[in-house]
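So this one's work.csv, CSV, N, CA and C atoms:
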chain,number,residue,atom,x,y,z
Z,1361,MET,N,104.8,-218.7,-6.7
Z,1361,MET,CA,105.7,-219.1,-7.7
Z,1361,MET,C,105.5,-220.6,-7.9
Z,1362,GLU,N,105.4,-221.0,-9.1
Z,1362,GLU,CA,105.3,-222.4,-9.5
Z,1362,GLU,C,106.4,-222.8,-10.5
Z,1363,LEU,N,107.2,-223.8,-10.2
Z,1363,LEU,CA,108.2,-224.3,-11.2
Z,1363,LEU,C,107.7,-225.7,-11.6
Z,1364,ARG,N,107.8,-225.9,-12.9
Z,1364,ARG,CA,107.4,-227.2,-13.4
Z,1364,ARG,C,108.6,-227.8,-14.1
Z,1365,TYR,N,109.1,-229.0,-13.6
Z,1365,TYR,CA,110.2,-229.7,-14.2
Z,1365,TYR,C,109.8,-230.3,-15.6
Z,1366,LEU,N,110.6,-230.0,-16.6
Z,1366,LEU,CA,110.2,-230.5,-18.0
Z,1366,LEU,C,111.1,-231.6,-18.4
Z,1367,GLY,N,112.3,-231.8,-17.9
Z,1367,GLY,CA,113.2,-232.8,-18.3
Z,1367,GLY,C,114.6,-232.2,-18.4
Z,1368,PHE,N,115.5,-233.0,-19.0
Z,1368,PHE,CA,116.9,-232.5,-19.1
Z,1368,PHE,C,117.5,-232.9,-20.4
Z,1369,ASP,N,118.6,-232.2,-20.8
Z,1369,ASP,CA,119.4,-232.5,-22.0
Z,1369,ASP,C,120.8,-232.7,-21.5
Z,1370,GLN,N,121.5,-233.5,-22.2
Z,1370,GLN,CA,123.0,-233.7,-21.9
Z,1370,GLN,C,123.8,-233.0,-23.0
Z,1371,SER,N,124.8,-232.2,-22.6
Z,1371,SER,CA,125.7,-231.5,-23.5
Z,1371,SER,C,127.1,-231.7,-23.0
Z,1372,LYS,N,127.8,-232.7,-23.5
Z,1372,LYS,CA,129.1,-233.1,-23.1
Z,1372,LYS,C,129.1,-233.4,-21.6
Z,1373,ASN,N,129.8,-232.7,-20.7
Z,1373,ASN,CA,129.8,-233.0,-19.3
Z,1373,ASN,C,128.8,-232.2,-18.5
Z,1374,LYS,N,127.9,-231.6,-19.1
Z,1374,LYS,CA,126.9,-230.8,-18.4
Z,1374,LYS,C,125.5,-231.4,-18.7
Z,1375,ARG,N,124.7,-231.3,-17.6
Z,1375,ARG,CA,123.3,-231.7,-17.7
Z,1375,ARG,C,122.5,-230.4,-17.6
Z,1376,LEU,N,121.6,-230.2,-18.5
Z,1376,LEU,CA,120.8,-229.0,-18.5
Z,1376,LEU,C,119.3,-229.3,-18.2
Z,1377,TYR,N,118.9,-228.9,-17.0
Z,1377,TYR,CA,117.6,-229.1,-16.5
Z,1377,TYR,C,116.6,-228.0,-16.9
Z,1378,SER,N,115.5,-228.3,-17.5
Z,1378,SER,CA,114.6,-227.3,-18.0
Z,1378,SER,C,113.4,-227.2,-17.1
Z,1379,PHE,N,112.9,-226.0,-16.9
Z,1379,PHE,CA,111.8,-225.7,-16.0
Z,1379,PHE,C,110.9,-224.6,-16.6
Z,1380,ASP,N,109.6,-224.7,-16.4
Z,1380,ASP,CA,108.7,-223.6,-16.7
Z,1380,ASP,C,108.4,-222.9,-15.5
Z,1381,HIS,N,108.4,-221.6,-15.5
Z,1381,HIS,CA,108.0,-220.8,-14.3
Z,1381,HIS,C,106.7,-220.2,-14.6
Z,1382,ASN,N,105.7,-220.5,-13.8
Z,1382,ASN,CA,104.3,-220.0,-14.0
Z,1382,ASN,C,104.0,-219.0,-12.9
Z,1383,ALA,N,103.8,-217.8,-13.3
Z,1383,ALA,CA,103.4,-216.7,-12.4
Z,1383,ALA,C,102.0,-216.4,-12.7
Z,1384,LYS,N,101.2,-216.0,-11.7
Z,1384,LYS,CA,99.8,-215.7,-11.9
Z,1384,LYS,C,99.6,-214.6,-13.0
Z,1385,GLY,N,98.7,-214.9,-13.9
Z,1385,GLY,CA,98.4,-214.0,-15.0
Z,1385,GLY,C,99.5,-213.7,-16.0
Z,1386,GLN,N,100.5,-214.5,-16.0
Z,1386,GLN,CA,101.7,-214.3,-16.9
Z,1386,GLN,C,101.8,-215.6,-17.7
Z,1387,PRO,N,102.3,-215.5,-19.0
Z,1387,PRO,CA,102.6,-216.7,-19.7
Z,1387,PRO,C,103.8,-217.4,-19.1
Z,1388,ALA,N,103.9,-218.7,-19.3
Z,1388,ALA,CA,105.0,-219.5,-18.7
Z,1388,ALA,C,106.4,-219.0,-19.3
Z,1389,THR,N,107.4,-219.0,-18.5
Z,1389,THR,CA,108.7,-218.6,-18.9
Z,1389,THR,C,109.6,-219.8,-18.7
Z,1390,ARG,N,110.4,-220.1,-19.8
Z,1390,ARG,CA,111.3,-221.3,-19.7
Z,1390,ARG,C,112.7,-220.9,-19.2
Z,1391,PHE,N,113.2,-221.7,-18.2
Z,1391,PHE,CA,114.5,-221.5,-17.6
Z,1391,PHE,C,115.3,-222.8,-17.7
Z,1392,VAL,N,116.6,-222.7,-17.8
Z,1392,VAL,CA,117.5,-223.9,-17.8
Z,1392,VAL,C,118.5,-223.7,-16.7
Z,1393,VAL,N,118.7,-224.7,-15.9
Z,1393,VAL,CA,119.7,-224.7,-14.9
Z,1393,VAL,C,120.8,-225.8,-15.3
Z,1394,SER,N,122.0,-225.4,-15.4
Z,1394,SER,CA,123.1,-226.3,-15.8
Z,1394,SER,C,123.9,-226.8,-14.6
Z,1395,VAL,N,124.4,-228.0,-14.7
Z,1395,VAL,CA,125.3,-228.5,-13.7
Z,1395,VAL,C,126.3,-229.4,-14.3
Z,1396,ASP,N,127.6,-229.3,-13.9
Z,1396,ASP,CA,128.6,-230.2,-14.3
Z,1396,ASP,C,128.4,-231.5,-13.7
Z,1397,ILE,N,128.3,-232.6,-14.4
Z,1397,ILE,CA,128.0,-233.9,-13.9
Z,1397,ILE,C,129.1,-234.4,-12.9
Z,1398,ALA,N,130.3,-234.0,-13.2
Z,1398,ALA,CA,131.4,-234.4,-12.3
Z,1398,ALA,C,131.2,-233.9,-10.8
Z,1399,LEU,N,130.4,-232.8,-10.6
Z,1399,LEU,CA,130.2,-232.4,-9.3
Z,1399,LEU,C,129.3,-233.4,-8.5
Z,1400,PHE,N,128.4,-234.0,-9.2
Z,1400,PHE,CA,127.6,-235.1,-8.5
Z,1400,PHE,C,128.5,-236.2,-7.9
Z,1401,LEU,N,129.4,-236.6,-8.7
Z,1401,LEU,CA,130.4,-237.7,-8.3
Z,1401,LEU,C,131.3,-237.1,-7.2
Z,1402,LYS,N,131.8,-236.0,-7.4
Z,1402,LYS,CA,132.8,-235.4,-6.5
Z,1402,LYS,C,132.2,-235.3,-5.1
Z,1403,HIS,N,130.9,-234.9,-5.0
Z,1403,HIS,CA,130.2,-234.7,-3.7
Z,1403,HIS,C,129.4,-235.8,-3.2
Z,1404,HIS,N,129.4,-237.0,-4.0
Z,1404,HIS,CA,128.6,-238.2,-3.6
Z,1404,HIS,C,127.2,-237.9,-3.5
Z,1405,VAL,N,126.7,-237.1,-4.5
Z,1405,VAL,CA,125.3,-236.8,-4.6
Z,1405,VAL,C,124.7,-237.6,-5.8
Z,1406,GLY,N,123.6,-238.2,-5.6
Z,1406,GLY,CA,123.0,-239.0,-6.7
Z,1406,GLY,C,122.4,-238.1,-7.8
Z,1407,ILE,N,122.6,-238.6,-9.0
Z,1407,ILE,CA,122.2,-237.8,-10.2
Z,1407,ILE,C,120.7,-237.6,-10.1
Z,1408,GLN,N,120.0,-238.5,-9.5
Z,1408,GLN,CA,118.5,-238.4,-9.4
Z,1408,GLN,C,118.1,-237.2,-8.5
Z,1409,GLU,N,119.0,-236.7,-7.8
Z,1409,GLU,CA,118.7,-235.5,-6.9
Z,1409,GLU,C,118.8,-234.2,-7.7
Z,1410,GLY,N,119.4,-234.3,-9.0
Z,1410,GLY,CA,119.6,-233.1,-9.8
Z,1410,GLY,C,118.4,-232.2,-10.0
Z,1411,PRO,N,117.2,-232.8,-10.4
Z,1411,PRO,CA,116.1,-231.9,-10.7
Z,1411,PRO,C,115.6,-231.1,-9.4
Z,1412,THR,N,115.6,-231.8,-8.3
Z,1412,THR,CA,115.2,-231.1,-7.0
Z,1412,THR,C,116.2,-230.0,-6.7
Z,1413,LEU,N,117.5,-230.3,-6.7
Z,1413,LEU,CA,118.5,-229.3,-6.4
Z,1413,LEU,C,118.5,-228.1,-7.4
Z,1414,CYS,N,118.3,-228.4,-8.6
Z,1414,CYS,CA,118.2,-227.4,-9.6
Z,1414,CYS,C,117.0,-226.5,-9.5
Z,1415,ALA,N,115.8,-227.1,-9.1
Z,1415,ALA,CA,114.6,-226.4,-8.9
Z,1415,ALA,C,114.8,-225.4,-7.7
Z,1416,GLN,N,115.5,-225.9,-6.6
Z,1416,GLN,CA,115.7,-225.1,-5.4
Z,1416,GLN,C,116.7,-223.9,-5.8
Z,1417,LYS,N,117.7,-224.2,-6.6
Z,1417,LYS,CA,118.6,-223.2,-7.0
Z,1417,LYS,C,117.9,-222.1,-7.9
Z,1418,LEU,N,117.0,-222.6,-8.8
Z,1418,LEU,CA,116.3,-221.6,-9.7
Z,1418,LEU,C,115.3,-220.8,-8.8
Z,1419,ALA,N,114.7,-221.4,-7.9
Z,1419,ALA,CA,113.7,-220.7,-7.0
Z,1419,ALA,C,114.5,-219.6,-6.2
Z,1420,ALA,N,115.6,-219.9,-5.7
Z,1420,ALA,CA,116.4,-219.0,-5.0
Z,1420,ALA,C,116.9,-217.8,-5.9
Z,1421,ASP,N,117.3,-218.2,-7.1
Z,1421,ASP,CA,117.8,-217.2,-8.1
Z,1421,ASP,C,116.6,-216.2,-8.4
Z,1422,LEU,N,115.4,-216.8,-8.6
Z,1422,LEU,CA,114.3,-215.9,-9.0
Z,1422,LEU,C,113.8,-215.1,-7.9
Z,1423,GLU,N,113.9,-215.6,-6.6
Z,1423,GLU,CA,113.5,-214.8,-5.5
Z,1423,GLU,C,114.5,-213.6,-5.3
Z,1424,ALA,N,115.8,-213.9,-5.6
Z,1424,ALA,CA,116.8,-212.8,-5.5
Z,1424,ALA,C,116.8,-212.0,-6.7
Z,1425,ASP,N,116.0,-212.2,-7.7
Z,1425,ASP,CA,115.9,-211.5,-8.9
Z,1425,ASP,C,117.2,-211.5,-9.7
Z,1426,ARG,N,117.9,-212.7,-9.7
Z,1426,ARG,CA,119.1,-212.9,-10.5
Z,1426,ARG,C,118.8,-213.1,-11.9
Z,1427,GLN,N,119.4,-212.4,-12.8
Z,1427,GLN,CA,119.2,-212.5,-14.2
Z,1427,GLN,C,120.4,-213.3,-14.8
Z,1428,GLY,N,120.2,-213.8,-16.1
Z,1428,GLY,CA,121.2,-214.5,-16.8
Z,1428,GLY,C,121.2,-216.0,-16.6
Z,1429,ASP,N,122.3,-216.6,-16.8
Z,1429,ASP,CA,122.4,-218.1,-16.7
Z,1429,ASP,C,122.2,-218.6,-15.3
Z,1430,HIS,N,121.6,-219.7,-15.1
Z,1430,HIS,CA,121.5,-220.3,-13.8
Z,1430,HIS,C,122.3,-221.6,-13.8
Z,1431,GLU,N,123.1,-221.7,-12.8
Z,1431,GLU,CA,124.0,-222.9,-12.7
Z,1431,GLU,C,124.1,-223.4,-11.3
Z,1432,LEU,N,124.0,-224.7,-11.1
Z,1432,LEU,CA,124.2,-225.3,-9.8
Z,1432,LEU,C,125.7,-225.5,-9.7
Z,1433,SER,N,126.3,-224.8,-8.7
Z,1433,SER,CA,127.8,-224.7,-8.6
Z,1433,SER,C,128.3,-225.6,-7.6
Z,1434,ASN,N,129.6,-225.7,-7.6
Z,1434,ASN,CA,130.4,-226.5,-6.6
Z,1434,ASN,C,130.0,-226.0,-5.2
Z,1435,GLU,N,129.9,-224.7,-5.0
Z,1435,GLU,CA,129.5,-224.1,-3.7
Z,1435,GLU,C,128.1,-224.5,-3.3
Z,1436,ASP,N,127.2,-224.5,-4.2
Z,1436,ASP,CA,125.8,-225.0,-3.9
Z,1436,ASP,C,125.8,-226.4,-3.4
Z,1437,LEU,N,126.6,-227.3,-4.1
Z,1437,LEU,CA,126.6,-228.7,-3.7
Z,1437,LEU,C,127.3,-228.9,-2.3
Z,1438,ILE,N,128.3,-228.1,-2.0
Z,1438,ILE,CA,128.9,-228.1,-0.7
Z,1438,ILE,C,127.9,-227.8,0.4
Z,1439,VAL,N,127.2,-226.7,0.2
Z,1439,VAL,CA,126.1,-226.3,1.1
Z,1439,VAL,C,125.1,-227.4,1.3
Z,1440,TYR,N,124.7,-228.1,0.2
Z,1440,TYR,CA,123.7,-229.1,0.3
Z,1440,TYR,C,124.3,-230.3,1.0
Z,1441,VAL,N,125.5,-230.8,0.7
Z,1441,VAL,CA,126.1,-231.9,1.4
Z,1441,VAL,C,126.3,-231.7,2.9
Z,1442,ASN,N,126.8,-230.5,3.2
Z,1442,ASN,CA,127.0,-230.1,4.6
Z,1442,ASN,C,125.6,-230.2,5.4
Z,1443,GLY,N,124.6,-229.6,4.8
Z,1443,GLY,CA,123.3,-229.7,5.4
Z,1443,GLY,C,122.7,-231.1,5.6
Z,1444,ARG,N,123.0,-231.9,4.6
Z,1444,ARG,CA,122.5,-233.3,4.6
Z,1444,ARG,C,123.3,-234.0,5.7
Z,1445,ALA,N,124.6,-233.8,5.9
Z,1445,ALA,CA,125.4,-234.5,6.9
Z,1445,ALA,C,124.9,-234.0,8.3
Z,1446,ALA,N,124.6,-232.7,8.4
Z,1446,ALA,CA,124.1,-232.3,9.7
Z,1446,ALA,C,122.7,-232.9,10.1
Z,1447,LYS,N,121.9,-233.0,9.1
Z,1447,LYS,CA,120.6,-233.7,9.4
Z,1447,LYS,C,120.7,-235.2,9.7
Z,1448,GLU,N,121.7,-235.8,9.1
Z,1448,GLU,CA,121.9,-237.3,9.4
Z,1448,GLU,C,122.5,-237.4,10.8
Z,1449,ALA,N,123.4,-236.5,11.2
Z,1449,ALA,CA,123.9,-236.5,12.5
Z,1449,ALA,C,122.9,-236.3,13.6
Z,1450,GLN,N,122.0,-235.4,13.3
Z,1450,GLN,CA,120.9,-235.1,14.2
Z,1450,GLN,C,119.9,-236.3,14.3
Z,1451,ARG,N,119.6,-236.9,13.2
Z,1451,ARG,CA,118.8,-238.1,13.3
Z,1451,ARG,C,119.5,-239.2,14.1
Z,1452,ALA,N,120.8,-239.4,13.9
Z,1452,ALA,CA,121.5,-240.4,14.6
Z,1452,ALA,C,121.5,-240.2,16.1
Z,1453,ALA,N,121.6,-238.9,16.5
Z,1453,ALA,CA,121.6,-238.6,17.9
Z,1453,ALA,C,120.2,-238.8,18.5
Z,1454,LEU,N,119.2,-238.7,17.7
Z,1454,LEU,CA,117.8,-238.9,18.3
Z,1454,LEU,C,117.4,-240.4,18.3
Z,1455,ARG,N,118.1,-241.3,17.6
Z,1455,ARG,CA,117.8,-242.7,17.7
Z,1455,ARG,C,118.0,-243.2,19.1
Z,1456,ARG,N,117.0,-244.0,19.5
Z,1456,ARG,CA,117.1,-244.7,20.8
Z,1456,ARG,C,118.1,-245.8,20.7
Z,1457,PRO,N,118.9,-245.9,21.7
Z,1457,PRO,CA,119.9,-247.1,21.7
Z,1457,PRO,C,119.1,-248.4,21.9
Z,1458,GLY,N,119.7,-249.5,21.5
Z,1458,GLY,CA,119.0,-250.8,21.6
Z,1458,GLY,C,118.8,-251.1,23.1
Z,1459,PRO,N,118.1,-252.2,23.3
Z,1459,PRO,CA,117.9,-252.6,24.7
Z,1459,PRO,C,119.2,-252.9,25.5
Z,1460,HIS,N,119.2,-252.5,26.7
Z,1460,HIS,CA,120.3,-252.7,27.5
Z,1460,HIS,C,120.3,-254.2,28.1
Z,1461,ARG,N,121.4,-254.8,28.1
Z,1461,ARG,CA,121.5,-256.2,28.6
Z,1461,ARG,C,122.0,-256.1,30.0
Z,1462,ARG,N,121.3,-256.9,30.8
Z,1462,ARG,CA,121.8,-257.0,32.2
Z,1462,ARG,C,122.9,-258.0,32.3
Z,1463,PRO,N,123.8,-257.8,33.2
Z,1463,PRO,CA,124.9,-258.8,33.3
Z,1463,PRO,C,124.3,-260.2,33.7
Z,1464,ALA,N,124.9,-261.2,33.2
Z,1464,ALA,CA,124.4,-262.6,33.5
Z,1464,ALA,C,124.5,-262.8,35.0
Z,1465,ARG,N,123.4,-263.3,35.5
Z,1465,ARG,CA,123.3,-263.7,37.0
Z,1465,ARG,C,123.9,-265.0,37.2
Z,1466,THR,N,124.6,-265.2,38.3
Z,1466,THR,CA,125.1,-266.6,38.6
Z,1466,THR,C,123.9,-267.4,39.1
Z,1467,SER,N,123.8,-268.6,38.7
Z,1467,SER,CA,122.7,-269.4,39.2
Z,1467,SER,C,122.9,-269.8,40.6
Z,1468,THR,N,121.8,-270.2,41.2
Z,1468,THR,CA,121.9,-270.7,42.6
Z,1468,THR,C,122.7,-271.9,42.7
Z,1469,MET,N,122.7,-272.7,41.6
Z,1469,MET,CA,123.5,-274.0,41.6
Z,1469,MET,C,125.0,-273.6,41.8
Z,1470,ASP,N,125.4,-272.6,41.0
Z,1470,ASP,CA,126.8,-272.3,41.1
Z,1470,ASP,C,127.2,-271.9,42.5
Z,1471,LYS,N,126.3,-271.1,43.2
Z,1471,LYS,CA,126.6,-270.7,44.6
Z,1471,LYS,C,126.7,-271.9,45.5
Z,1472,ARG,N,125.8,-272.8,45.4
Z,1472,ARG,CA,125.8,-274.0,46.3
Z,1472,ARG,C,127.1,-274.8,46.1
Z,1473,GLU,N,127.5,-275.0,44.8
Z,1473,GLU,CA,128.6,-275.8,44.5
Z,1473,GLU,C,129.9,-275.2,45.1
Z,1474,SER,N,130.0,-273.9,45.0
Z,1474,SER,CA,131.2,-273.2,45.5
Z,1474,SER,C,131.3,-273.2,47.0
Z,1475,SER,N,130.1,-273.3,47.7
Z,1475,SER,CA,130.2,-273.3,49.2
Z,1475,SER,C,130.4,-274.7,49.7
Z,1476,VAL,N,130.4,-275.8,48.9
Z,1476,VAL,CA,130.6,-277.1,49.4
Z,1476,VAL,C,132.0,-277.5,49.5
Show this structure as structure tokens.
Amino acid sequence: MELRYLGFDQSKNKRLYSFDHNAKGQPATRFVVSVDIALFLKHHVGIQEGPTLCAQKLAADLEADRQGDHELSNEDLIVYVNGRAAKEAQRAALRRPGPHRRPARTSTMDKRESSV
């Protein structure tokens, strides 16, 4: 299955992402995935992530043979944000801590002065 992103249109508070679906030996089929723009703001997801998220949603819908309208929902974005947070936490856990500092050593001068 091949999806080709064609661009988007804006209709009030919805962004409509257009894709062509190319199946072997078949003419291209046009699909539109809609998303309420307020959901991007609500979940702190960049609008530039819209095409990728909508392509993933459309691919999942086509794999599940879902017919009708395709919409990136609040639940879809919650799943995405939770997955992103889990990946960030995993990356943070794998980061090596900075170099360990050794405690300052007292100089030999300090030891001599205290014994006098």
Near-stretch 1364-1379 of chain Z list (8 Å; only N, CA and C atoms; drop same-chain fewer than 2 positions) as a count of residues only: 19
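For the pair atom N of Z:Asp1436 and atom C of Z:Pro1387, the interatomic distance is 28.6 Å.
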Enter the distance from atom CA of Z:Gly1428 to atom CA of Z:Phe1400, in Å, rounded to one decimal.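 Atom-to-atom, atom CA of Z:Gly1428 and atom CA of Z:Phe1400 are spaced 23.1 Å apart.
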Atom CA of Z:Asn1434 to atom CA of Z:Glu1448, distance in Å rounded to a single decimal: 21.1 Å
Can you work out which one of Z:Ala1449, Z:Leu1401, Z:Leu1363, Z:Ala1420 has the shortest atom-to-atom distance to Z:Asp1380, counting only C-alpha atoms?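 Looking only at the distances to Z:Asp1380, the closest residue turns out to be Z:Leu1363.
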